[in-house]
$ cat work-v2.cif   # mmCIF, C-alpha atoms
data_data
#
loop_
_atom_site.label_atom_id
_atom_site.label_comp_id
_atom_site.auth_asym_id
_atom_site.auth_seq_id
_atom_site.Cartn_x
_atom_site.Cartn_y
_atom_site.Cartn_z
CA ASP P 1 0.00 0.00 0.00
CA PRO P 2 1.67 3.28 -1.09
CA SER P 3 0.16 5.00 1.96
CA GLY P 4 2.19 2.72 4.23
CA ASN P 5 -0.81 2.11 6.47
CA VAL P 6 -1.23 -1.59 5.72
CA ARG P 7 1.49 -4.13 5.11
CA ALA P 8 0.95 -7.84 4.94
CA GLY P 9 3.19 -10.83 5.39
CA ARG P 10 6.59 -11.00 7.01
CA LYS P 11 7.03 -7.27 7.35
CA ASN P 12 9.15 -7.47 10.51
CA LEU P 13 12.86 -7.65 9.69
CA ILE P 14 13.59 -8.41 13.35
CA ILE P 15 13.74 -12.09 14.28
CA ASN P 16 12.61 -12.75 17.86
CA GLY P 17 11.31 -9.23 18.32
CA GLY P 18 8.80 -10.60 20.82
CA PHE P 19 11.57 -12.26 22.89
CA ASP P 20 9.90 -15.65 22.81
CA VAL P 21 13.03 -17.69 21.99
CA TRP P 22 15.84 -18.08 24.58
CA GLN P 23 17.90 -21.10 23.45
CA ARG P 24 20.98 -20.14 25.50
CA GLY P 25 19.30 -19.57 28.87
CA THR P 26 17.48 -16.81 30.72
CA SER P 27 20.26 -14.81 32.48
CA PHE P 28 23.48 -13.38 31.03
CA THR P 29 26.39 -11.25 32.29
CA THR P 30 29.18 -11.57 29.70
CA SER P 31 30.03 -8.92 27.12
CA ALA P 32 29.47 -9.90 23.47
CA GLU P 33 27.22 -12.74 24.68
CA TYR P 34 23.95 -13.46 22.88
CA THR P 35 21.03 -13.42 25.29
CA ALA P 36 17.53 -13.84 23.93
CA ASP P 37 18.12 -15.26 20.48
CA ARG P 38 19.60 -12.70 18.05
CA TRP P 39 20.08 -10.06 20.82
CA GLN P 40 23.64 -9.35 21.91
CA LEU P 41 24.85 -7.73 25.13
CA GLN P 42 27.79 -5.32 24.86
CA LEU P 43 29.25 -4.11 28.17
CA SER P 44 32.16 -1.91 27.01
CA GLY P 45 33.70 -2.08 30.48
CA GLY P 46 30.41 -1.91 32.38
CA THR P 47 28.66 -4.55 34.48
CA ALA P 48 25.13 -5.68 33.67
CA THR P 49 22.76 -8.62 33.70
CA VAL P 50 20.27 -9.39 30.94
CA THR P 51 17.32 -11.54 31.98
CA GLN P 52 14.13 -13.00 30.57
CA GLN P 53 11.14 -11.34 32.20
CA THR P 54 7.55 -12.58 32.08
CA PHE P 55 4.53 -10.33 31.69
CA THR P 56 1.68 -10.79 34.14
CA VAL P 57 -1.12 -12.63 32.37
CA GLY P 58 -3.83 -10.18 31.40
CA GLN P 59 -1.72 -7.05 31.80
CA THR P 60 -2.84 -4.17 29.59
CA GLU P 61 0.21 -1.86 29.58
CA VAL P 62 1.72 -3.53 26.50
CA PRO P 63 -0.92 -4.65 23.98
CA ASP P 64 -1.40 -8.00 22.26
CA ASN P 65 -0.57 -10.14 25.31
CA PRO P 66 3.17 -10.71 24.85
CA THR P 67 4.65 -13.44 27.06
CA TYR P 68 8.18 -12.17 27.63
CA TYR P 69 10.31 -9.07 27.57
CA LEU P 70 14.04 -8.44 27.92
CA LYS P 71 15.51 -6.56 30.86
CA MET P 72 19.04 -5.15 30.92
CA ASN P 73 19.99 -4.16 34.46
CA THR P 74 23.23 -2.19 34.43
CA THR P 75 24.84 -1.96 37.86
CA THR P 76 28.11 -0.28 36.81
CA ALA P 77 27.50 1.74 33.67
CA ASP P 78 29.92 2.87 30.97
CA ASN P 79 29.63 4.53 27.61
CA ASN P 80 28.65 2.28 24.69
CA CYS P 81 27.15 -0.30 27.08
CA GLY P 82 23.89 -1.64 25.63
CA MET P 83 22.02 -4.09 23.40
CA PHE P 84 22.81 -4.84 19.75
CA TYR P 85 20.71 -6.51 17.06
CA ARG P 86 22.09 -7.52 13.64
CA VAL P 87 19.83 -7.80 10.60
CA GLU P 88 21.59 -10.05 8.11
CA ASP P 89 22.70 -8.31 4.87
CA VAL P 90 23.33 -4.56 4.71
CA ARG P 91 21.17 -4.42 1.58
CA ASN P 92 18.08 -4.50 3.80
CA GLY P 93 16.49 -1.07 3.66
CA ALA P 94 19.49 0.54 1.96
CA GLY P 95 18.58 3.85 0.31
CA GLN P 96 15.12 3.76 1.92
CA ASN P 97 13.27 4.79 5.04
CA VAL P 98 12.93 2.07 7.66
CA THR P 99 10.84 2.43 10.80
CA ILE P 100 11.51 0.75 14.11
CA SER P 101 8.91 0.51 16.85
CA PHE P 102 9.05 -1.06 20.28
CA TRP P 103 7.74 -0.82 23.84
CA ALA P 104 10.12 0.20 26.61
CA LYS P 105 10.46 1.41 30.16
CA GLY P 106 13.35 1.91 32.55
CA THR P 107 15.76 4.49 33.91
CA ASN P 108 18.00 6.60 31.71
CA PRO P 109 21.79 6.76 31.95
CA SER P 110 23.19 9.62 34.02
CA GLY P 111 23.67 11.69 30.87
CA GLY P 112 19.88 11.70 30.43
CA THR P 113 19.48 9.76 27.18
CA PHE P 114 20.41 6.59 25.36
CA ASP P 115 21.99 6.51 21.92
CA PHE P 116 19.51 4.89 19.54
CA MET P 117 21.44 3.95 16.40
CA SER P 118 21.39 2.32 13.01
CA SER P 119 24.73 1.14 11.66
CA GLN P 120 25.15 -0.10 8.09
CA ARG P 121 28.09 -2.50 8.28
CA PHE P 122 29.58 -3.84 5.08
CA GLY P 123 31.33 -6.89 6.52
CA ALA P 124 34.93 -8.05 6.60
CA GLY P 125 36.84 -6.37 3.78
CA GLY P 126 33.95 -4.03 3.00
CA SER P 127 33.40 -0.28 3.17
CA SER P 128 33.37 1.68 6.44
CA ASN P 129 30.27 1.75 8.64
CA VAL P 130 27.56 4.34 7.99
CA GLU P 131 25.85 5.31 11.24
CA ILE P 132 22.87 7.42 12.31
CA THR P 133 22.36 8.30 15.98
CA THR P 134 19.32 9.82 17.65
CA PRO P 135 18.61 10.28 21.39
CA LEU P 136 16.17 8.03 23.24
CA THR P 137 14.67 8.84 26.63
CA VAL P 138 12.52 6.33 28.53
CA THR P 139 10.25 6.62 31.57
CA SER P 140 9.34 4.27 34.41
CA SER P 141 6.11 3.25 32.62
CA TRP P 142 5.70 1.16 29.48
CA ALA P 143 5.36 3.34 26.37
CA LYS P 144 5.63 2.79 22.62
CA TYR P 145 8.57 4.38 20.81
CA THR P 146 8.95 4.78 17.06
CA HIS P 147 11.67 6.23 14.87
CA THR P 148 12.31 6.34 11.14
CA PHE P 149 15.87 6.02 9.87
CA SER P 150 16.69 7.24 6.36
CA LEU P 151 19.34 4.71 5.44
CA ALA P 152 22.13 5.60 3.04
CA SER P 153 22.37 4.09 -0.42
CA ILE P 154 24.94 1.34 -0.85
CA SER P 155 25.76 2.50 -4.37
CA GLY P 156 29.53 2.52 -4.80
CA LYS P 157 30.16 0.62 -1.57
CA THR P 158 32.33 -2.48 -1.29
CA MET P 159 30.51 -5.53 0.06
CA GLY P 160 32.48 -7.73 2.44
CA THR P 161 31.68 -10.98 4.21
CA GLY P 162 28.95 -11.01 6.84
CA SER P 163 27.38 -7.61 6.18
CA SER P 164 24.52 -6.42 8.38
CA LEU P 165 22.26 -3.60 9.44
CA VAL P 166 22.86 -3.18 13.17
CA LEU P 167 20.38 -1.60 15.56
CA ILE P 168 21.81 -0.38 18.85
CA ILE P 169 20.42 1.00 22.12
CA ARG P 170 23.30 2.02 24.38
CA GLN P 171 24.61 4.50 26.89
CA SER P 172 25.78 7.46 24.84
CA ALA P 173 29.34 7.37 23.54
CA GLY P 174 30.23 10.57 25.39
CA ASP P 175 28.61 9.60 28.69
CA THR P 176 31.27 7.95 30.88
CA SER P 177 29.22 7.99 34.10
CA THR P 178 29.01 4.75 36.08
CA THR P 179 25.55 5.37 37.57
CA ALA P 180 23.25 2.33 37.38
CA TRP P 181 20.37 2.22 34.89
CA ASN P 182 18.01 -0.36 33.46
CA LEU P 183 16.17 -0.91 30.20
CA ASN P 184 13.14 -3.12 29.54
CA ILE P 185 12.08 -3.74 25.93
CA ALA P 186 9.26 -5.69 24.25
CA ASN P 187 7.69 -6.25 20.81
CA VAL P 188 10.43 -4.81 18.62
CA GLN P 189 9.61 -4.35 14.93
CA LEU P 190 11.65 -3.03 12.00
CA GLU P 191 9.84 -2.49 8.71
CA LEU P 192 10.29 -0.73 5.41
CA GLY P 193 8.67 2.67 5.06
CA SER P 194 7.92 5.60 7.33
CA VAL P 195 4.91 4.23 9.23
CA ALA P 196 4.98 1.97 12.28
CA THR P 197 2.29 -0.68 11.86
CA ASP P 198 0.98 -3.20 14.39
CA PHE P 199 3.46 -5.75 15.70
CA GLU P 200 3.63 -8.86 13.53
CA HIS P 201 2.95 -12.07 15.43
CA ARG P 202 4.56 -15.30 14.24
CA SER P 203 4.09 -18.70 15.83
CA TYR P 204 6.74 -19.92 18.27
CA GLY P 205 7.69 -22.71 15.85
CA GLU P 206 8.31 -20.30 13.01
CA GLU P 207 10.23 -17.87 15.23
CA LEU P 208 12.39 -20.70 16.57
CA ALA P 209 13.21 -21.90 13.04
CA LEU P 210 14.24 -18.38 12.03
CA CYS P 211 16.53 -18.21 15.07
CA GLN P 212 18.02 -21.64 14.35
CA ARG P 213 19.49 -20.37 11.09
CA TYR P 214 21.99 -18.60 13.38
CA TYR P 215 22.16 -20.83 16.47
CA GLU P 216 20.93 -24.30 17.36
CA VAL P 217 21.26 -26.72 20.27
CA CYS P 218 21.56 -30.37 19.15
CA TYR P 219 21.68 -33.67 21.02
CA ALA P 220 23.10 -37.00 19.85
CA TRP P 221 22.65 -40.33 21.65
CA GLN P 222 25.59 -42.70 21.15
CA GLN P 223 25.65 -46.34 22.20
CA GLY P 224 28.02 -49.22 21.42
CA MET P 225 30.22 -52.10 22.65
CA ALA P 226 33.99 -52.13 23.11
CA THR P 227 36.47 -54.88 23.95
CA GLY P 228 38.98 -52.41 25.32
CA ALA P 229 40.05 -48.81 25.47
CA SER P 230 40.77 -46.47 22.52
CA GLN P 231 38.36 -48.13 20.12
CA TYR P 232 36.30 -46.07 17.68
CA VAL P 233 32.69 -46.95 18.39
CA ALA P 234 29.24 -45.34 18.52
CA ALA P 235 29.25 -43.06 15.51
CA ALA P 236 26.44 -40.52 15.18
CA SER P 237 25.27 -38.23 12.39
CA VAL P 238 23.24 -35.12 13.14
CA LEU P 239 21.24 -33.02 10.69
CA TYR P 240 20.28 -29.51 11.77
CA ALA P 241 16.64 -28.63 12.09
CA VAL P 242 17.46 -25.60 9.91
CA PRO P 243 20.51 -25.15 7.61
CA LYS P 244 22.89 -22.57 9.01
CA ARG P 245 23.67 -19.12 7.60
CA ALA P 246 27.35 -20.10 7.31
CA LEU P 247 29.62 -22.90 8.52
CA PRO P 248 28.96 -22.78 12.27
CA THR P 249 31.34 -22.94 15.21
CA LEU P 250 30.55 -26.13 17.14
CA SER P 251 30.88 -26.68 20.87
CA VAL P 252 30.63 -30.24 22.23
CA THR P 253 29.64 -31.36 25.72
CA ALA P 254 29.59 -35.14 26.12
CA GLY P 255 28.11 -37.07 29.03
CA GLY P 256 29.04 -40.65 29.94
CA PHE P 257 26.60 -43.07 31.56
CA GLY P 258 27.51 -46.28 33.41
CA SER P 259 29.54 -47.11 36.51
CA SER P 260 32.79 -48.06 34.79
CA VAL P 261 32.36 -47.77 31.04
CA LYS P 262 33.07 -44.37 29.52
CA ILE P 263 33.21 -42.75 26.12
CA THR P 264 35.22 -39.83 24.79
CA VAL P 265 33.54 -38.01 21.92
CA SER P 266 35.74 -37.27 18.93
CA GLY P 267 34.62 -34.63 16.50
CA PRO P 268 32.58 -33.03 15.22
CA ARG P 269 33.57 -34.35 11.80
CA ASN P 270 32.46 -33.45 8.29
CA SER P 271 30.84 -30.27 9.55
CA SER P 272 28.70 -28.40 7.03
CA THR P 273 25.84 -25.93 7.09
CA SER P 274 23.49 -28.95 7.12
CA GLY P 275 24.95 -31.06 9.94
CA PHE P 276 27.94 -32.91 11.37
CA GLY P 277 29.19 -36.29 12.56
CA LEU P 278 30.47 -37.55 15.92
CA GLN P 279 32.66 -40.54 16.77
CA GLY P 280 32.90 -42.14 20.22
CA ILE P 281 36.22 -43.51 21.52
CA SER P 282 36.05 -46.06 24.33
CA THR P 283 38.03 -45.68 27.55
CA ALA P 284 37.29 -49.24 28.75
CA SER P 285 35.70 -52.48 27.58
CA GLY P 286 31.97 -53.06 27.78
CA GLU P 287 28.82 -51.25 26.79
CA ILE P 288 29.15 -47.53 26.11
CA TYR P 289 26.57 -44.77 26.37
CA SER P 290 26.90 -41.07 25.73
CA ASP P 291 24.38 -38.26 25.47
CA THR P 292 26.21 -35.48 23.61
CA LYS P 293 25.16 -31.85 23.45
CA VAL P 294 26.42 -29.76 20.54
CA THR P 295 25.76 -26.06 20.00
CA ALA P 296 26.12 -24.70 16.48
CA ASP P 297 26.82 -20.96 16.29
CA ALA P 298 26.56 -19.14 12.95
CA GLU P 299 25.80 -15.66 14.28
CA LEU P 300 26.94 -12.65 12.31
#

$ encode --input "work-v2.cif" --output "structure tokens"
Amino acid sequence: DPSGNVRAGRKNLIINGGFDVWQRGTSFTTSAEYTADRWQLQLSGGTATVTQQTFTVGQTEVPDNPTYYLKMNTTTADNNCGMFYRVEDVRNGAGQNVTISFWAKGTNPSGGTFDFMSSQRFGAGGSSNVEITTPLTVTSSWAKYTHTFSLASISGKTMGTGSSLVLIIRQSAGDTSTTAWNLNIANVQLELGSVATDFEHRSYGEELALCQRYYEVCYAWQQGMATGASQYVAAASVLYAVPKRALPTLSVTAGGFGSSVKITVSGPRNSSTSGFGLQGISTASGEIYSDTKVTADAEL
């Protein structure tokens, strides 16, 4: 619709804007750590905890009955401390107006405002970032905030690997105060055009699948017999629920079950964007069991 008042179908460029998916856990304190799926904490020398918060059933402050929101509680503040979200591919919205809308409440940094930013990042080997910054002030009550960014054209730019459009809410770059603050955010939407429309609801299953393109938790059950130690047994092949954006970084946690028979997991092997293989190595004779957890990280 040229008026921008009605848009249908997958208008929200934000994945997990409703904070329904938390594959990594529900409490986080480490800088550069992903918290709710697709949302990254950056501390920049500060100290903060990001947690999953649950709305009271039937509350009316934030419409459409969301289940969760994200809270960033900063106990020792610092400039540039905040939350980052990366939209894959800097081509998204380039040369156009894009509008972001969300609900928020909290306390402002000592300087009085947050930096609310868009950053067009052209990836490794690409052109320099193009950034737009506007102030954001919140109150202690839930309120809806909207802003339209006029993104620069990418004409003449060099595209690198892993480009993105980054949205940032942070303590202002020039504000070095350490005074505590907190930020609560819910129902975040980014859409093309200059009008903020109603928040787009997707099912949990669809939202999870969109998140799993970037991060997935997998489990493999391995079982076998060995006549001694150091034998290759109990191979397993795992296919991802969703193919990954790029070749992921894999982290393996293997558990052994049984009073005396153990297994050491070797691998992953033959890793691809579609899956990987595991091989168990015995540490004693007998029956071997292992329940192996593997996380696959293909975040930008």

$ residues_around --input "work-v2.cif" --residues "region 122-137 of chain P" --least-positions-apart "5" --cutoff "10 Å" --atoms "only C-alpha atoms" --output "number ranges by chain"
P: 89-91, 104-109, 112-117, 145, 147, 149-154, 156-172, 300

$ closest_atom_pairs --input "work-v2.cif" --of "region 204-271 of chain P" --to "region 64-87 of chain P" --cutoff "12 Å" --atoms "all atoms listed in the file" --output "CSV"
residue,atom,partner,partner_atom,distance
P:Tyr204,CA,P:Thr67,CA,11.1
P:Cys211,CA,P:Val87,CA,11.8
P:Tyr214,CA,P:Arg86,CA,11.1

$ resolve_selection --input "work-v2.cif" --expression "the PyMOL selection byres ((chain P and resi 61) around 9)" --output "list in words"
Gln59, Thr60, Val62, Pro63, Ser141, Trp142 and Ala143 of chain P

$ atom_distance --input "work-v2.cif" --atom1 "CA of Asn184 (chain P)" --atom2 "CA of Trp39 (chain P)"
13.1 Å

$ axis_aligned_box --input "work-v2.cif" --around "region 164-179 of chain P" --padding-each-side "5 Å" --output "lines of an AutoDock Vina configuration file"
center_x = 25.8
center_y = 2.1
center_z = 23.0
size_x = 20.9
size_y = 27.0
size_z = 39.2

$ decode --input "work-v2.cif" --residues "region 219-233 of chain P" --atoms "all heavy atoms" --output "compact mmCIF listing (two decimals), in the first residue's frame"
# COMPACT_ATOMS: atom_id res chain seq x y z
N TYR P 219 21.33 -32.56 20.13
CA TYR P 219 21.68 -33.67 21.02
C TYR P 219 21.83 -34.94 20.19
O TYR P 219 21.06 -35.19 19.26
CB TYR P 219 20.60 -33.88 22.08
CG TYR P 219 20.51 -32.73 23.07
CD1 TYR P 219 19.66 -31.66 22.83
CD2 TYR P 219 21.30 -32.72 24.22
CE1 TYR P 219 19.57 -30.61 23.73
CE2 TYR P 219 21.22 -31.66 25.11
CZ TYR P 219 20.35 -30.61 24.87
OH TYR P 219 20.28 -29.56 25.75
N ALA P 220 22.86 -35.74 20.54
CA ALA P 220 23.10 -37.00 19.85
C ALA P 220 23.28 -38.10 20.89
O ALA P 220 24.11 -37.97 21.81
CB ALA P 220 24.34 -36.90 18.97
N TRP P 221 22.52 -39.18 20.77
CA TRP P 221 22.65 -40.33 21.65
C TRP P 221 23.57 -41.35 20.98
O TRP P 221 23.33 -41.74 19.84
CB TRP P 221 21.29 -40.94 21.92
CG TRP P 221 21.34 -42.21 22.71
CD1 TRP P 221 21.18 -43.48 22.25
CD2 TRP P 221 21.60 -42.33 24.11
NE1 TRP P 221 21.30 -44.38 23.25
CE2 TRP P 221 21.57 -43.72 24.42
CE3 TRP P 221 21.85 -41.43 25.13
CZ2 TRP P 221 21.78 -44.20 25.70
CZ3 TRP P 221 22.05 -41.91 26.41
CH2 TRP P 221 22.01 -43.28 26.70
N GLN P 222 24.63 -41.74 21.68
CA GLN P 222 25.59 -42.70 21.15
C GLN P 222 25.65 -43.93 22.06
O GLN P 222 25.70 -43.81 23.28
CB GLN P 222 26.98 -42.07 21.04
CG GLN P 222 27.05 -40.95 20.01
CD GLN P 222 28.36 -40.17 20.12
OE1 GLN P 222 28.46 -39.25 20.89
NE2 GLN P 222 29.33 -40.58 19.33
N GLN P 223 25.64 -45.10 21.44
CA GLN P 223 25.65 -46.34 22.20
C GLN P 223 26.43 -47.38 21.42
O GLN P 223 26.34 -47.46 20.19
CB GLN P 223 24.22 -46.83 22.44
CG GLN P 223 24.12 -48.10 23.26
CD GLN P 223 22.68 -48.48 23.53
OE1 GLN P 223 21.75 -47.82 23.06
NE2 GLN P 223 22.47 -49.55 24.29
N GLY P 224 27.24 -48.19 22.10
CA GLY P 224 28.02 -49.22 21.42
C GLY P 224 28.68 -50.17 22.40
O GLY P 224 28.51 -50.07 23.61
N MET P 225 29.46 -51.13 21.85
CA MET P 225 30.22 -52.10 22.65
C MET P 225 31.69 -51.98 22.31
O MET P 225 32.07 -51.72 21.17
CB MET P 225 29.74 -53.52 22.36
CG MET P 225 28.31 -53.80 22.78
SD MET P 225 28.10 -53.80 24.58
CE MET P 225 29.15 -55.19 25.04
N ALA P 226 32.55 -52.16 23.32
CA ALA P 226 33.99 -52.13 23.11
C ALA P 226 34.64 -53.29 23.85
O ALA P 226 34.18 -53.70 24.92
CB ALA P 226 34.56 -50.80 23.60
N THR P 227 35.71 -53.81 23.29
CA THR P 227 36.47 -54.88 23.95
C THR P 227 37.68 -54.33 24.69
O THR P 227 38.42 -55.09 25.31
CB THR P 227 36.93 -55.91 22.91
OG1 THR P 227 37.72 -55.25 21.91
CG2 THR P 227 35.72 -56.57 22.25
N GLY P 228 37.87 -53.04 24.62
CA GLY P 228 38.98 -52.41 25.32
C GLY P 228 38.94 -50.92 25.12
O GLY P 228 37.98 -50.37 24.54
N ALA P 229 39.97 -50.25 25.58
CA ALA P 229 40.05 -48.81 25.47
C ALA P 229 40.52 -48.39 24.09
O ALA P 229 41.08 -49.17 23.32
CB ALA P 229 41.00 -48.25 26.53
N SER P 230 40.26 -47.12 23.74
CA SER P 230 40.77 -46.47 22.52
C SER P 230 40.22 -47.07 21.25
O SER P 230 40.88 -47.06 20.20
CB SER P 230 42.31 -46.50 22.49
OG SER P 230 42.84 -45.88 23.65
N GLN P 231 39.01 -47.61 21.31
CA GLN P 231 38.36 -48.13 20.12
C GLN P 231 37.32 -47.13 19.62
O GLN P 231 36.59 -46.53 20.40
CB GLN P 231 37.67 -49.47 20.43
CG GLN P 231 38.63 -50.58 20.80
CD GLN P 231 37.92 -51.89 21.11
OE1 GLN P 231 36.69 -51.98 21.06
NE2 GLN P 231 38.70 -52.92 21.43
N TYR P 232 37.28 -46.97 18.29
CA TYR P 232 36.30 -46.07 17.68
C TYR P 232 34.95 -46.80 17.59
O TYR P 232 34.82 -47.81 16.90
CB TYR P 232 36.76 -45.64 16.30
CG TYR P 232 37.85 -44.60 16.33
CD1 TYR P 232 39.18 -44.98 16.29
CD2 TYR P 232 37.54 -43.24 16.43
CE1 TYR P 232 40.20 -44.04 16.34
CE2 TYR P 232 38.55 -42.29 16.47
CZ TYR P 232 39.88 -42.69 16.43
OH TYR P 232 40.88 -41.74 16.50
N VAL P 233 34.01 -46.33 18.35
CA VAL P 233 32.69 -46.95 18.39
C VAL P 233 31.63 -45.85 18.43
O VAL P 233 31.93 -44.68 18.62
CB VAL P 233 32.53 -47.85 19.63
CG1 VAL P 233 33.45 -49.06 19.55
CG2 VAL P 233 32.80 -47.05 20.90
